[in-house]
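Structure first, then comments.
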Amino acid sequence: MSSATEGATAGFLVWRLSMKWRVAVDRAVAPLGLTHAQYSLMASLYGMGRSGLQPSQRRLADQTGLEALYVSKLVRALETAGLVDRTRDPSDPRAMQLSLTEQGRDVTARAITVVQGLLDQLLKPLGGQDSPRAREFTRELATLLDAPLDPYTENEKEQS
């Protein structure tokens with residue numbers, strides 16, 4: 001443990017790890033013309049598309065954890081770049097269905113390979129991606145992501 005993280009809270013460590021990851025992915029996918037946020041959308045679309053899904057912007061926002069307005073801006077930029085197609089949802093004319101273009105699938109496949117290399121580096125101290133420690137770490141992260149966070153809940157209890 002470095003002196004910068006010694007005695008740190010879990011919240012601080014989550015913040016530092018998320019920033020370390022974001023910066024590393026930004027740098028890694030920049031040669032492909034992407035940002036980390038764009039990569040996150042495209043990788044999610046890639047996986048959903050392989051499952052036969054054409055998600056709406058709302059569903060993609062829910063999948064990635066990004067705000068719907070931010071997803072809309074990112075999708076417009078990716079559409080302009082020729083990487084994403086937006087089409088009207090035949091069952092809901094207000095909604096847009098999203099899919100990767102052929103170029104988008106190619107760029108995403110290359111980006112996924114690059115990011116998987118980063119993930120290998122990140123998880124090496126835990127024994128690698130397929131190690132029991134890394135699998136447990138992944139389960140712990142999923143548990144934390146599933147835990148509700150509502151800053152008003154505790155305040156309301158204290159005021160009662």
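Ligands are numbered from 1 in the order shown, residues from 1 within each chain, and chains are lettered A, B, ... in the order they appear in the structure tokens.
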Shell of 7 Å around range 99-110 of chain A, only C-alpha atoms, local chain residues under 2 positions omitted, as a ChimeraX atom specification
/A:32,42-43,45-46,49,54,82-86,97,112-114
Out of range 7-39 of chain A, which residues get helix (DSSP H, G or I) from DSSP, as a list in words?
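Selecting the helix (DSSP H, G or I) positions of range 7-39 of chain A gives Ala10, Gly11, Phe12, Leu13, Val14, Trp15, Arg16, Leu17, Ser18, Met19, Lys20, Trp21, Arg22, Val23, Ala24, Val25, Asp26, Arg27, Ala28, Val29, Ala30, Pro31, Leu32, His36, Ala37, Gln38 and Tyr39 of chain A.
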Using only C-alpha atoms, please write the residues we just selected to a file, as a CSV table (one decimal), in the first residue's frame.
```csv
chain,number,residue,atom,x,y,z
A,10,ALA,CA,-13.2,3.0,1.1
A,11,GLY,CA,-14.8,6.0,-0.6
A,12,PHE,CA,-11.5,7.6,-1.3
A,13,LEU,CA,-10.1,4.4,-2.7
A,14,VAL,CA,-13.1,3.8,-4.9
A,15,TRP,CA,-12.7,7.4,-6.2
A,16,ARG,CA,-9.0,6.9,-6.9
A,17,LEU,CA,-9.4,3.6,-8.6
A,18,SER,CA,-12.3,4.9,-10.8
A,19,MET,CA,-10.1,7.9,-11.8
A,20,LYS,CA,-7.1,5.7,-12.5
A,21,TRP,CA,-9.3,3.5,-14.7
A,22,ARG,CA,-11.0,6.3,-16.5
A,23,VAL,CA,-7.7,8.1,-17.3
A,24,ALA,CA,-6.1,4.8,-18.5
A,25,VAL,CA,-9.0,3.9,-20.7
A,26,ASP,CA,-9.2,7.5,-22.1
A,27,ARG,CA,-5.5,7.2,-23.1
A,28,ALA,CA,-5.8,3.7,-24.5
A,29,VAL,CA,-8.8,4.4,-26.7
A,30,ALA,CA,-7.8,7.9,-27.8
A,31,PRO,CA,-5.9,6.5,-30.9
A,32,LEU,CA,-9.2,5.0,-32.0
A,36,HIS,CA,-13.8,6.5,-22.1
A,37,ALA,CA,-17.5,7.5,-22.0
A,38,GLN,CA,-17.9,6.8,-25.8
A,39,TYR,CA,-16.1,3.5,-25.4
```
Write out as a ChimeraX atom specification all residues of chain A that backbone DSSP assigns to strand (DSSP E or B).
/A:56,84-89,92-100
Which residues are close to Gly65 in chain A, i.e. within 10 Å by only C-alpha atoms, leaving aside same-chain residues fewer than 6 positions away? Reply as a PyMOL selection string.
chain A and resi 40-41+59+71
Interatomic distance (Å, one decimal) between CA of Gly128 in chain A and CA of Leu141 in chain A
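About the pair CA of Gly128 in chain A and CA of Leu141 in chain A: they are 16.1 Å apart.
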